[in-house]
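Below is work_18.tsv, holding TSV, C-alpha atoms.
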chain	number	residue	atom	x	y	z
A	1	MET	CA	2.48	4.97	-19.26
A	2	VAL	CA	-0.82	6.66	-18.40
A	3	ALA	CA	-0.99	4.62	-15.19
A	4	LEU	CA	2.51	5.81	-14.33
A	5	VAL	CA	1.53	9.44	-14.93
A	6	VAL	CA	-1.46	8.95	-12.65
A	7	ARG	CA	0.79	7.43	-10.00
A	8	LEU	CA	3.26	10.29	-10.26
A	9	SER	CA	0.51	12.89	-9.96
A	10	GLY	CA	-0.89	11.03	-6.98
A	11	MET	CA	2.47	10.86	-5.26
A	12	ALA	CA	2.94	14.56	-5.98
A	13	ALA	CA	-0.33	15.15	-4.15
A	14	TRP	CA	0.92	13.02	-1.25
A	15	ALA	CA	4.13	15.06	-1.14
A	16	ALA	CA	2.12	18.27	-1.19
A	17	ILE	CA	-0.01	17.01	1.70
A	18	GLY	CA	3.22	16.37	3.59
A	19	ALA	CA	4.39	19.90	2.84
A	20	VAL	CA	1.09	21.47	3.89
A	21	THR	CA	0.84	19.58	7.16
A	22	ALA	CA	4.54	20.15	7.89
A	23	ARG	CA	4.15	23.91	7.52
A	24	PHE	CA	0.77	24.32	9.23
A	25	LEU	CA	1.32	21.91	12.15
A	26	SER	CA	4.15	21.65	14.63
A	27	VAL	CA	6.53	18.72	14.22
A	28	SER	CA	4.95	16.83	17.13
A	29	GLU	CA	1.37	17.59	15.98
A	30	ARG	CA	2.25	16.35	12.51
A	31	GLY	CA	3.55	13.18	14.12
A	32	GLU	CA	0.16	12.65	15.81
A	33	TYR	CA	-1.75	13.30	12.59
A	34	ALA	CA	0.56	11.10	10.53
A	35	ALA	CA	0.17	8.20	12.96
A	36	ALA	CA	-3.63	8.48	12.88
A	37	ALA	CA	-3.79	8.77	9.09
A	38	LEU	CA	-1.39	5.87	8.72
A	39	GLY	CA	-3.52	3.73	11.02
A	40	VAL	CA	-6.53	4.34	8.77
A	41	THR	CA	-4.54	3.37	5.69
A	42	ALA	CA	-3.23	0.23	7.38
A	43	LEU	CA	-6.70	-0.92	8.40
A	44	GLY	CA	-8.04	-0.01	4.99
A	45	MET	CA	-5.66	-2.56	3.53
A	46	ALA	CA	-7.78	-5.27	5.15
A	47	GLY	CA	-10.32	-4.60	2.43
A	48	GLY	CA	-7.57	-5.06	-0.13
A	49	SER	CA	-7.57	-8.76	0.65
A	50	LEU	CA	-11.24	-8.96	-0.26
A	51	GLY	CA	-10.39	-6.95	-3.35
A	52	SER	CA	-7.71	-9.48	-4.27
A	53	ALA	CA	-10.22	-12.28	-3.83
A	54	ALA	CA	-12.82	-10.45	-5.94
A	55	GLY	CA	-10.27	-9.74	-8.68
A	56	HIS	CA	-9.10	-13.35	-8.70
A	57	TYR	CA	-12.63	-14.76	-8.96
A	58	VAL	CA	-13.52	-12.43	-11.84
A	59	ALA	CA	-10.23	-12.43	-13.79
A	60	ARG	CA	-9.18	-16.04	-13.21
A	61	ARG	CA	-12.38	-17.97	-12.46
A	62	ASP	CA	-14.82	-15.93	-14.57
A	63	GLU	CA	-17.43	-15.44	-11.85
A	64	PRO	CA	-20.13	-12.85	-12.69
A	65	ARG	CA	-18.61	-9.51	-11.73
A	66	GLY	CA	-21.90	-8.07	-10.49
A	67	SER	CA	-22.39	-10.85	-7.98
A	68	VAL	CA	-18.76	-10.69	-6.93
A	69	ALA	CA	-18.91	-6.91	-6.50
A	70	ARG	CA	-22.05	-7.01	-4.39
A	71	THR	CA	-20.74	-9.83	-2.22
A	72	ALA	CA	-17.34	-8.21	-1.74
A	73	ALA	CA	-18.96	-4.88	-0.87
A	74	ALA	CA	-21.18	-6.48	1.77
A	75	LEU	CA	-18.23	-8.30	3.32
A	76	GLY	CA	-16.10	-5.15	3.15
A	77	LEU	CA	-18.73	-3.10	4.93
A	78	ALA	CA	-18.97	-5.65	7.73
A	79	VAL	CA	-15.19	-5.83	8.12
A	80	GLY	CA	-14.93	-2.04	8.01
A	81	ILE	CA	-17.42	-1.56	10.82
A	82	VAL	CA	-15.65	-4.09	13.04
A	83	LEU	CA	-12.24	-2.54	12.41
A	84	ALA	CA	-13.61	0.98	12.92
A	85	ILE	CA	-14.91	0.05	16.37
A	86	ALA	CA	-11.58	-1.56	17.31
A	87	ALA	CA	-9.60	1.43	16.01
A	88	ALA	CA	-11.79	3.89	17.90
A	89	ALA	CA	-11.21	2.04	21.15
A	90	VAL	CA	-7.43	2.11	20.71
A	91	VAL	CA	-7.23	5.76	19.64
A	92	ALA	CA	-9.60	6.89	22.39
A	93	ALA	CA	-7.26	5.38	24.98
A	94	THR	CA	-4.14	6.99	23.50
A	95	ALA	CA	-5.10	10.20	21.71
A	96	GLY	CA	-8.58	11.29	22.77
A	97	THR	CA	-12.22	10.81	21.84
A	98	THR	CA	-12.41	13.30	18.96
A	99	LEU	CA	-9.53	11.76	17.04
A	100	ALA	CA	-10.93	8.29	17.76
A	101	ILE	CA	-14.29	9.15	16.19
A	102	LEU	CA	-12.63	10.63	13.12
A	103	VAL	CA	-10.40	7.59	12.66
A	104	ALA	CA	-13.39	5.26	12.91
A	105	LEU	CA	-15.34	7.31	10.36
A	106	ALA	CA	-12.39	7.11	7.95
A	107	VAL	CA	-11.79	3.38	8.36
A	108	VAL	CA	-15.20	2.33	7.00
A	109	PRO	CA	-14.87	3.95	3.53
A	110	ALA	CA	-11.19	3.01	3.35
A	111	VAL	CA	-11.97	-0.70	3.85
A	112	LEU	CA	-15.02	-0.65	1.58
A	113	ARG	CA	-13.12	1.05	-1.23
A	114	THR	CA	-10.24	-1.41	-1.23
A	115	SER	CA	-12.72	-4.32	-1.04
A	116	ILE	CA	-14.00	-3.71	-4.56
A	117	ALA	CA	-11.36	-1.58	-6.31
A	118	ALA	CA	-9.47	-4.61	-7.70
A	119	LEU	CA	-12.47	-5.37	-9.92
A	120	LEU	CA	-11.24	-2.50	-12.07
A	121	LEU	CA	-7.97	-4.39	-12.55
A	122	ALA	CA	-9.88	-7.56	-13.39
A	123	GLU	CA	-11.56	-5.58	-16.16
A	124	GLY	CA	-8.21	-4.27	-17.41
A	125	ARG	CA	-8.93	-0.71	-16.19
A	126	ALA	CA	-5.49	-0.06	-14.69
A	127	VAL	CA	-5.73	3.72	-14.99
A	128	ALA	CA	-9.07	3.87	-13.20
A	129	TYR	CA	-7.70	1.58	-10.50
A	130	ALA	CA	-4.68	3.83	-10.03
A	131	LEU	CA	-6.95	6.84	-9.74
A	132	THR	CA	-9.08	5.23	-7.03
A	133	GLY	CA	-6.10	5.22	-4.70
A	134	TYR	CA	-5.20	8.82	-5.41
A	135	VAL	CA	-8.58	10.54	-5.44
A	136	THR	CA	-8.20	10.49	-1.66
A	137	ALA	CA	-4.90	12.35	-2.00
A	138	TYR	CA	-6.22	14.89	-4.51
A	139	VAL	CA	-9.29	15.71	-2.44
A	140	GLY	CA	-7.38	15.52	0.84
A	141	LEU	CA	-4.80	17.99	-0.40
A	142	ALA	CA	-7.47	20.50	-1.41
A	143	LEU	CA	-9.36	20.18	1.87
A	144	LEU	CA	-6.25	20.26	4.07
A	145	ALA	CA	-4.77	23.29	2.31
A	146	ALA	CA	-8.03	25.24	2.48
A	147	TRP	CA	-8.94	24.29	6.05
A	148	LEU	CA	-5.53	24.47	7.75
A	149	ALA	CA	-4.83	27.87	6.18
A	150	ASP	CA	-6.97	29.28	8.99
A	151	GLU	CA	-4.82	29.47	12.13
A	152	GLY	CA	-7.78	28.36	14.23
A	153	HIS	CA	-7.90	25.02	12.44
A	154	ARG	CA	-4.30	23.93	12.91
A	155	THR	CA	-4.70	20.88	15.13
A	156	PRO	CA	-4.26	17.15	14.44
A	157	GLU	CA	-8.02	16.71	14.88
A	158	GLN	CA	-8.83	19.35	12.27
A	159	ALA	CA	-6.39	17.79	9.83
A	160	MET	CA	-7.85	14.33	10.43
A	161	ALA	CA	-11.38	15.64	9.81
A	162	MET	CA	-10.36	16.75	6.33
A	163	TRP	CA	-8.64	13.42	5.66
A	164	THR	CA	-11.78	11.54	6.75
A	165	ALA	CA	-13.92	13.57	4.35
A	166	ALA	CA	-11.48	12.78	1.54
A	167	HIS	CA	-11.94	9.03	2.12
A	168	TRP	CA	-15.71	9.32	1.70
A	169	VAL	CA	-15.34	11.32	-1.52
A	170	SER	CA	-12.91	8.71	-2.88
A	171	LEU	CA	-15.39	5.91	-2.12
A	172	ALA	CA	-18.20	7.82	-3.87
A	173	VAL	CA	-16.06	8.17	-7.00
A	174	LEU	CA	-15.31	4.43	-7.07
A	175	LEU	CA	-18.98	3.54	-6.62
A	176	TRP	CA	-19.79	5.75	-9.59
A	177	TRP	CA	-17.09	4.22	-11.78
A	178	GLY	CA	-18.34	0.73	-10.92
A	179	ARG	CA	-22.04	1.57	-11.22
A	180	GLN	CA	-22.50	-1.11	-13.87
A	181	TRP	CA	-21.54	-3.79	-11.33
A	182	TRP	CA	-24.62	-3.20	-9.22
A	183	ARG	CA	-26.94	-3.63	-12.22
A	184	ALA	CA	-25.14	-6.59	-13.75
A	185	GLU	CA	-27.18	-9.74	-14.14
A	186	GLY	CA	-26.02	-13.28	-13.57
A	187	ASP	CA	-26.03	-15.48	-10.54
A	188	ALA	CA	-22.82	-16.49	-8.82
A	189	ALA	CA	-22.12	-20.06	-7.90
A	190	PRO	CA	-23.48	-21.00	-4.45
A	191	GLY	CA	-21.32	-20.15	-1.48
A	192	LEU	CA	-19.55	-17.19	-3.09
A	193	ALA	CA	-19.40	-15.20	0.16
A	194	LYS	CA	-17.83	-18.14	1.96
A	195	ARG	CA	-15.30	-18.70	-0.81
A	196	LEU	CA	-14.36	-15.03	-0.98
A	197	GLY	CA	-13.97	-14.93	2.79
A	198	ARG	CA	-11.87	-18.09	2.82
A	199	PHE	CA	-9.62	-16.71	0.07
A	200	ALA	CA	-9.33	-13.32	1.76
A	201	ALA	CA	-8.75	-14.48	5.33
A	202	PRO	CA	-4.99	-15.15	5.13
A	203	SER	CA	-4.39	-12.24	2.80
A	204	MET	CA	-6.43	-9.93	5.07
A	205	GLY	CA	-4.00	-10.45	7.89
A	206	GLY	CA	-1.15	-10.17	5.42
A	207	SER	CA	-2.43	-6.85	4.08
A	208	ILE	CA	-2.63	-5.27	7.52
A	209	VAL	CA	0.60	-6.84	8.71
A	210	GLY	CA	2.32	-5.89	5.47
A	211	PHE	CA	1.32	-2.26	5.64
A	212	LEU	CA	2.03	-2.04	9.33
A	213	ASN	CA	5.40	-3.59	8.60
A	214	ALA	CA	5.97	-0.92	6.00
A	215	ARG	CA	5.18	1.72	8.59
A	216	ALA	CA	5.35	-0.05	11.96
A	217	ASP	CA	8.62	1.78	12.34
A	218	LEU	CA	6.66	5.06	12.53
A	219	PHE	CA	4.55	3.79	15.42
A	220	LEU	CA	7.64	2.46	17.14
A	221	VAL	CA	9.41	5.80	16.68
A	222	VAL	CA	6.47	7.37	18.53
A	223	ALA	CA	6.82	4.81	21.30
A	224	PHE	CA	10.61	4.96	21.70
A	225	ALA	CA	11.47	8.51	20.61
A	226	GLY	CA	8.33	10.64	20.83
A	227	ALA	CA	5.93	12.47	18.50
A	228	ALA	CA	8.49	15.05	17.36
A	229	GLU	CA	10.85	12.36	16.05
A	230	ALA	CA	7.85	10.66	14.45
A	231	GLY	CA	7.13	13.93	12.64
A	232	LEU	CA	10.65	13.92	11.22
A	233	TYR	CA	10.45	10.25	10.29
A	234	SER	CA	7.09	10.70	8.56
A	235	ALA	CA	8.78	13.21	6.23
A	236	ALA	CA	11.44	10.62	5.35
A	237	THR	CA	8.84	7.92	4.69
A	238	ALA	CA	6.81	10.28	2.51
A	239	GLY	CA	9.88	10.88	0.38
A	240	ALA	CA	10.56	7.16	0.04
A	241	GLU	CA	6.98	6.49	-1.00
A	242	VAL	CA	7.39	8.82	-3.96
A	243	LEU	CA	9.96	6.36	-5.32
A	244	LEU	CA	7.42	3.55	-5.23
A	245	ALA	CA	5.18	5.52	-7.59
A	246	PHE	CA	7.61	4.72	-10.38
A	247	THR	CA	7.30	0.98	-9.81
A	248	SER	CA	3.74	0.57	-8.56
A	249	SER	CA	2.27	0.95	-12.05
A	250	VAL	CA	4.09	-2.22	-13.20
A	251	PRO	CA	1.90	-4.75	-11.32
A	252	LEU	CA	-1.22	-2.79	-12.23
A	253	VAL	CA	-0.51	-3.05	-15.94
A	254	LEU	CA	0.45	-6.73	-15.69
A	255	TYR	CA	-2.31	-7.83	-13.27
A	256	ARG	CA	-4.79	-9.13	-15.84
A	257	ARG	CA	-2.07	-10.64	-18.02
A	258	ILE	CA	-0.55	-12.56	-15.10
A	259	ALA	CA	-3.98	-13.69	-13.88
A	260	LYS	CA	-5.15	-14.96	-17.28
A	261	ALA	CA	-1.93	-16.48	-18.63
A	262	SER	CA	-0.90	-20.10	-18.49
A	263	GLY	CA	1.42	-21.08	-15.65
A	264	ALA	CA	4.61	-20.77	-17.70
A	265	GLU	CA	3.65	-17.52	-19.37
A	266	ALA	CA	2.47	-16.01	-16.09
A	267	ALA	CA	5.85	-16.81	-14.56
A	268	GLN	CA	7.59	-15.12	-17.48
A	269	TRP	CA	5.52	-11.94	-17.14
A	270	THR	CA	6.08	-11.92	-13.39
A	271	MET	CA	9.85	-12.09	-13.82
A	272	HIS	CA	9.71	-9.40	-16.50
A	273	GLY	CA	7.73	-7.06	-14.23
A	274	ALA	CA	9.87	-7.73	-11.17
A	275	ARG	CA	13.09	-6.94	-13.03
A	276	ARG	CA	11.72	-3.72	-14.48
A	277	SER	CA	10.50	-2.64	-11.05
A	278	VAL	CA	13.95	-3.13	-9.57
A	279	VAL	CA	15.73	-1.22	-12.34
A	280	ILE	CA	13.36	1.74	-12.05
A	281	ALA	CA	13.60	1.78	-8.26
A	282	VAL	CA	17.41	1.62	-8.23
A	283	VAL	CA	17.67	4.64	-10.53
A	284	GLY	CA	15.27	6.58	-8.33
A	285	ALA	CA	17.09	5.55	-5.15
A	286	MET	CA	20.41	6.75	-6.49
A	287	ALA	CA	18.95	10.16	-7.34
A	288	THR	CA	17.28	10.40	-3.92
A	289	MET	CA	20.47	9.60	-2.04
A	290	VAL	CA	22.14	12.56	-3.72
A	291	ALA	CA	19.26	15.01	-3.44
A	292	ALA	CA	17.82	14.01	-0.04
A	293	PRO	CA	18.82	17.05	2.06
A	294	LEU	CA	17.70	19.55	-0.57
A	295	ALA	CA	14.45	17.70	-1.27
A	296	ILE	CA	13.54	17.43	2.41
A	297	THR	CA	14.10	21.11	3.13
A	298	LEU	CA	12.37	22.31	-0.04
A	299	VAL	CA	9.23	20.26	0.56
A	300	PHE	CA	8.94	20.19	4.35
A	301	GLY	CA	11.07	23.12	5.52
A	302	ASP	CA	14.37	23.52	7.35
A	303	ARG	CA	12.97	21.93	10.53
A	304	TYR	CA	12.91	18.56	8.76
A	305	GLU	CA	16.49	18.54	7.48
A	306	PRO	CA	17.53	15.96	10.15
A	307	ALA	CA	15.35	13.43	8.30
A	308	ALA	CA	17.64	13.42	5.24
A	309	ASN	CA	19.82	10.48	6.31
A	310	ALA	CA	16.76	8.38	7.12
A	311	LEU	CA	15.38	9.22	3.67
A	312	ARG	CA	18.59	7.98	2.03
A	313	ILE	CA	18.31	4.63	3.80
A	314	LEU	CA	14.61	4.33	3.02
A	315	ALA	CA	15.35	5.04	-0.65
A	316	VAL	CA	17.52	1.93	-0.73
A	317	ALA	CA	14.77	0.07	1.13
A	318	ALA	CA	12.27	1.10	-1.57
A	319	ALA	CA	14.52	-0.42	-4.23
A	320	VAL	CA	14.72	-3.66	-2.24
A	321	LEU	CA	10.92	-3.67	-1.83
A	322	ALA	CA	10.19	-2.96	-5.51
A	323	PRO	CA	9.79	-6.52	-6.89
A	324	GLN	CA	7.46	-7.68	-4.13
A	325	ALA	CA	4.27	-6.22	-5.64
A	326	VAL	CA	4.72	-8.14	-8.90
A	327	LEU	CA	5.73	-11.38	-7.17
A	328	GLY	CA	2.74	-11.02	-4.86
A	329	THR	CA	0.46	-10.55	-7.87
A	330	TYR	CA	1.59	-13.92	-9.21
A	331	PHE	CA	0.65	-15.76	-6.01
A	332	ASP	CA	-2.61	-13.86	-5.44
A	333	ALA	CA	-4.07	-13.29	-8.90
A	334	HIS	CA	-2.69	-16.30	-10.78
A	335	ALA	CA	-1.85	-19.09	-8.33
A	336	GLY	CA	-4.67	-18.27	-5.89
A	337	ARG	CA	-2.33	-18.64	-2.91
A	338	PRO	CA	-2.87	-15.54	-0.72
A	339	GLY	CA	-1.30	-17.33	2.23
A	340	VAL	CA	2.11	-16.78	0.65
A	341	GLY	CA	1.78	-13.03	1.04
A	342	PHE	CA	0.63	-13.42	4.62
A	343	ALA	CA	3.64	-15.55	5.50
A	344	VAL	CA	6.13	-13.22	3.81
A	345	LYS	CA	4.66	-10.09	5.33
A	346	GLY	CA	4.53	-11.72	8.72
A	347	ALA	CA	8.24	-12.47	8.50
A	348	MET	CA	8.93	-8.86	7.48
A	349	ALA	CA	6.83	-7.48	10.32
A	350	ALA	CA	8.58	-9.63	12.90
A	351	THR	CA	11.98	-8.56	11.59
A	352	ASP	CA	11.00	-4.89	11.55
A	353	VAL	CA	9.55	-4.84	15.07
A	354	VAL	CA	12.49	-6.66	16.64
A	355	LEU	CA	15.10	-4.52	14.91
A	356	CYS	CA	13.22	-1.28	15.60
A	357	ALA	CA	13.13	-2.13	19.29
A	358	MET	CA	16.89	-2.67	19.15
A	359	PHE	CA	17.91	0.23	16.89
A	360	ILE	CA	15.58	3.16	17.66
A	361	PRO	CA	16.69	3.70	21.28
A	362	VAL	CA	20.31	3.84	20.05
A	363	TRP	CA	20.13	5.56	16.63
A	364	GLY	CA	16.68	7.16	16.56
A	365	ILE	CA	15.01	7.51	13.17
A	366	THR	CA	18.17	6.31	11.40
A	367	GLY	CA	17.84	3.04	13.30
A	368	ALA	CA	14.19	2.78	12.26
A	369	ALA	CA	15.21	3.21	8.62
A	370	PHE	CA	17.85	0.47	8.90
A	371	ALA	CA	15.27	-1.86	10.49
A	372	CYS	CA	12.90	-1.18	7.58
A	373	LEU	CA	15.65	-1.92	5.05
A	374	ALA	CA	16.47	-5.24	6.72
A	375	ALA	CA	12.80	-6.25	6.88
A	376	TYR	CA	12.27	-5.53	3.18
A	377	GLY	CA	15.34	-7.58	2.36
A	378	VAL	CA	13.93	-10.55	4.26
A	379	GLY	CA	10.60	-10.25	2.43
A	380	THR	CA	12.04	-9.94	-1.06
A	381	LEU	CA	14.38	-12.89	-0.51
A	382	ALA	CA	11.47	-14.99	0.77
A	383	TYR	CA	9.30	-14.09	-2.22
A	384	ALA	CA	12.11	-14.95	-4.65
A	385	VAL	CA	12.69	-18.36	-3.05
A	386	LEU	CA	8.98	-19.20	-2.99
A	387	PHE	CA	8.54	-18.06	-6.60
A	388	GLN	CA	11.47	-20.24	-7.65
A	389	ARG	CA	9.93	-23.26	-5.93
A	390	ALA	CA	6.48	-22.61	-7.39
A	391	THR	CA	7.65	-22.17	-10.98
A	392	GLY	CA	10.94	-24.05	-11.19
A	393	THR	CA	12.66	-20.84	-12.29
A	394	PRO	CA	16.41	-20.80	-11.58
A	395	ALA	CA	17.26	-17.97	-9.20
A	396	LEU	CA	19.77	-16.37	-11.59
A	397	ARG	CA	17.08	-15.91	-14.23
A	398	LEU	CA	15.32	-13.46	-11.94
A	399	LEU	CA	18.27	-11.10	-12.51
A	400	ARG	CA	18.24	-11.20	-16.30
A	401	LEU	CA	16.43	-8.46	-18.22
A	402	ALA	CA	15.17	-10.65	-21.06
A	403	ALA	CA	11.67	-10.02	-22.39
A	404	PRO	CA	8.99	-12.66	-21.69
A	405	ARG	CA	9.23	-15.67	-23.99
A	406	PRO	CA	6.37	-17.75	-25.31
A	407	ALA	CA	5.11	-20.29	-22.80
A	408	ALA	CA	6.13	-23.21	-25.02
A	409	LYS	CA	9.80	-22.39	-24.46
A	410	VAL	CA	9.56	-22.64	-20.67
A	411	SER	CA	9.06	-26.33	-20.20
A	412	HIS	CA	10.26	-26.39	-16.59
A	413	ALA	CA	7.68	-23.88	-15.24
A	414	LYS	CA	4.71	-25.18	-13.36
A	415	GLY	CA	1.24	-23.63	-13.00

Entire entry expressed as structure tokens:
Amino acid sequence: MVALVVRLSGMAAWAAIGAVTARFLSVSERGEYAAAALGVTALGMAGGSLGSAAGHYVARRDEPRGSVARTAAALGLAVGIVLAIAAAAVVAATAGTTLAILVALAVVPAVLRTSIAALLLAEGRAVAYALTGYVTAYVGLALLAAWLADEGHRTPEQAMAMWTAAHWVSLAVLLWWGRQWWRAEGDAAPGLAKRLGRFAAPSMGGSIVGFLNARADLFLVVAFAGAAEAGLYSAATAGAEVLLAFTSSVPLVLYRRIAKASGAEAAQWTMHGARRSVVIAVVGAMATMVAAPLAITLVFGDRYEPAANALRILAVAAAVLAPQAVLGTYFDAHAGRPGVGFAVKGAMAATDVVLCAMFIPVWGITGAAFACLAAYGVGTLAYAVLFQRATGTPALRLLRLAAPRPAAKVSHAKG
């Protein structure tokens, strides 16, 4: 429950950031800022794959957490620098040198933070883990509101500068919370860096592809419809992301339990979490579909009212997406099969890109929302089929709301 409250407060901060940038920037300028900030978040997810590897090796394989933390941090820093250089080159060619430098400076702490944050989950510190993702939002909101209040600061570059500073503050907070990792004694088994890298490699691509899939539609809206339409669509996506706050605490709470349990019991907890995520998301989606126009105009202003229909569609998409985080936790944290997530997210990304290219020129941001919905449906179906094959769980049991049963009663499940 505390993790959920943290998530809700964090999503409220995200919504407030959307409101601040919507009112202080023009629609097209907000589109530019949103695309840059989203790119940083997408690249930051590359570190999440190292984080998944670190969490798996501590929670499941009992490697010394100090050695794992130091190794993951070193790998995360290296990956962050490489991605920052690549991102700067792309942004410099499309949006200018200043924005490129700011994006690069934000990518490094974003990657490094996600490289080690999952160690908090491995220790059962779900609330602290939830906070690490939202410190950026809390600090970013304060900086953006204070800085953009001055009319001379209302540019995408000024907004991105504040967002970059927020990433560094968030990293500093995580390093403080994990300060015991750097002093921890105990030697890791030889070749830990190689094993972490090998585990993370498929999931690294999956993390980036998965997040880009979740928001590739925004980049494609920019390409096919322009920055102003992207500004509208970013308001719709921000609203949909609030819904995910209600379900995202479920995999956090269950992470350690799924990682440590026997194969049969882990499957039971995974099904339990996936079902609860869907129920919560469906309730939220129904409320959003009714309140979308009012919510959009209250938070972002009357200029963003055309985004209401896209928000309705994305609310349904959020409900379809809801079980994926728990199912992904089973394959990453318990089964040690990060390649499953990469394959599923790759299929979603391909679906999203193809359908966006078909739908956006015809239906604009509504078409982008439909493409996102279809892509999420493909991913959730794929995860359900792969989970059934891995555990022997009949598909219909995924729909039942029974509580987890003792492992001894699930003789057909496999580890």

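The space between atom CA of A:Tyr33 and atom CA of A:Ala89 spans 17.0 Å.
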
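In this model, the gap between atom CA of A:Met286 and atom CA of A:Thr237 comes to 16.1 Å.
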
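Of the residues under consideration (A:Tyr138, A:Phe370, A:Trp269, A:Tyr233), A:Trp269 shows the shortest atom-to-atom contact distance to A:Leu254 when counting all atoms listed in the file.
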
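When all atoms listed in the file are used to compute distances to A:Leu25, the closest of the residues A:Thr380, A:Thr155, A:Thr71, A:Gln324 turns out to be A:Thr155.
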
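Within 12 Å of A:Ala193, once all atoms listed in the file are used and residues closer than 4 positions along the same chain are dropped, the contacting residues are Leu50, Ala53, Ala54, Tyr57, Ser67, Val68, Ala69, Arg70, Thr71, Ala72, Ala73, Ala74, Leu75, Gly76, Ala188, Ala189, Gly197, Arg198, Phe199, Ala200 and Ala201 of chain A.
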
Could you tell me, as an mmCIF file with C-alpha atoms, in the coordinates of the input, which residues have any atom at most 9 Å from (-8.9, -6.0, -1.1), counting all atoms listed in the file?
data_model
loop_
_atom_site.group_PDB
_atom_site.id
_atom_site.type_symbol
_atom_site.label_atom_id
_atom_site.label_comp_id
_atom_site.auth_asym_id
_atom_site.auth_seq_id
_atom_site.Cartn_x
_atom_site.Cartn_y
_atom_site.Cartn_z
ATOM 1 C CA GLY A 44 -8.040 -0.010 4.990
ATOM 2 C CA MET A 45 -5.660 -2.560 3.530
ATOM 3 C CA ALA A 46 -7.780 -5.270 5.150
ATOM 4 C CA GLY A 47 -10.320 -4.600 2.430
ATOM 5 C CA GLY A 48 -7.570 -5.060 -0.130
ATOM 6 C CA SER A 49 -7.570 -8.760 0.650
ATOM 7 C CA LEU A 50 -11.240 -8.960 -0.260
ATOM 8 C CA GLY A 51 -10.390 -6.950 -3.350
ATOM 9 C CA SER A 52 -7.710 -9.480 -4.270
ATOM 10 C CA ALA A 53 -10.220 -12.280 -3.830
ATOM 11 C CA ALA A 54 -12.820 -10.450 -5.940
ATOM 12 C CA GLY A 55 -10.270 -9.740 -8.680
ATOM 13 C CA ALA A 72 -17.340 -8.210 -1.740
ATOM 14 C CA GLY A 76 -16.100 -5.150 3.150
ATOM 15 C CA VAL A 111 -11.970 -0.700 3.850
ATOM 16 C CA LEU A 112 -15.020 -0.650 1.580
ATOM 17 C CA ARG A 113 -13.120 1.050 -1.230
ATOM 18 C CA THR A 114 -10.240 -1.410 -1.230
ATOM 19 C CA SER A 115 -12.720 -4.320 -1.040
ATOM 20 C CA ILE A 116 -14.000 -3.710 -4.560
ATOM 21 C CA ALA A 117 -11.360 -1.580 -6.310
ATOM 22 C CA ALA A 118 -9.470 -4.610 -7.700
ATOM 23 C CA ALA A 200 -9.330 -13.320 1.760
ATOM 24 C CA SER A 203 -4.390 -12.240 2.800
ATOM 25 C CA MET A 204 -6.430 -9.930 5.070
ATOM 26 C CA SER A 207 -2.430 -6.850 4.080
#

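With only C-alpha atoms as the basis for measurement, A:Cys356 is the residue among A:Val90, A:Cys356, A:Leu119, A:Ala84 that approaches A:Asp217 most closely.
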
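Here atom CA of A:Ile313 is placed at a distance of 7.2 Å from atom CA of A:Leu373.
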
Quick one: what's the axis-aligned box for stretch 54-68 of chain A, all listed atoms, 4 Å on every side, centre and edges in Å to one decimal, as AutoDock Vina command-line options?
--center_x -15.7 --center_y -13.0 --center_z -10.3 --size_x 21.3 --size_y 17.9 --size_z 16.6

Neighbours of A:Gly273 within 8 Å (all atoms listed in the file; same-chain residues fewer than 3 positions away dropped), as a PyMOL selection string?
chain A and resi 250-251+254+269-270+276-277+323+326

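With only C-alpha atoms as the atoms that count, the minimum distance from A:Leu148 to the choices A:Ala238, A:Val20, A:Ala128, A:Val221 is reached by A:Val20.
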
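Using only C-alpha atoms, the shortest contact distance between A:Leu196 and any of A:Val58, A:Ala16, A:Val103, A:Ile360 is found at A:Val58.
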
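Between A:Ala106 and the candidates A:Ala15, A:Met289, A:Leu298, A:Leu38, the tightest atom-to-atom separation, counting all atoms listed in the file, involves A:Leu38.
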
Quick one: everything within 8 Å of A:Tyr134, counting only C-alpha atoms, minus sequence neighbours fewer than 3 positions away in the same chain. Send it as a PyMOL selection string.
chain A and resi 7+10-11+130-131+137-138

Give me, as a tab-separated table, the closest atom pair and its distance (Å, one decimal) for every residue of stretch 278-297 of chain A within a cut-off of 10 Å of stretch 305-309 of chain A, counting only C-alpha atoms, rows sorted by chain and rising number.
residue	atom	partner	partner_atom	distance
A:Thr288	CA	A:Ala308	CA	9.7
A:Met289	CA	A:Asn309	CA	8.4
A:Ala291	CA	A:Ala308	CA	9.0
A:Ala292	CA	A:Ala308	CA	5.3
A:Pro293	CA	A:Ala308	CA	5.0
A:Leu294	CA	A:Glu305	CA	8.2
A:Ala295	CA	A:Ala308	CA	8.4
A:Ile296	CA	A:Glu305	CA	6.0
A:Thr297	CA	A:Glu305	CA	5.6

Residue neighbourhood A:Glu157, 12 Å, all atoms listed in the file, exclusion window fewer than 3 positions, as a count of residues only
30

Applying 12 Å and all atoms listed in the file, which residues near A:Ile365 remain after dropping the ones on its own chain fewer than 3 positions away? List them as a count of residues only.
42
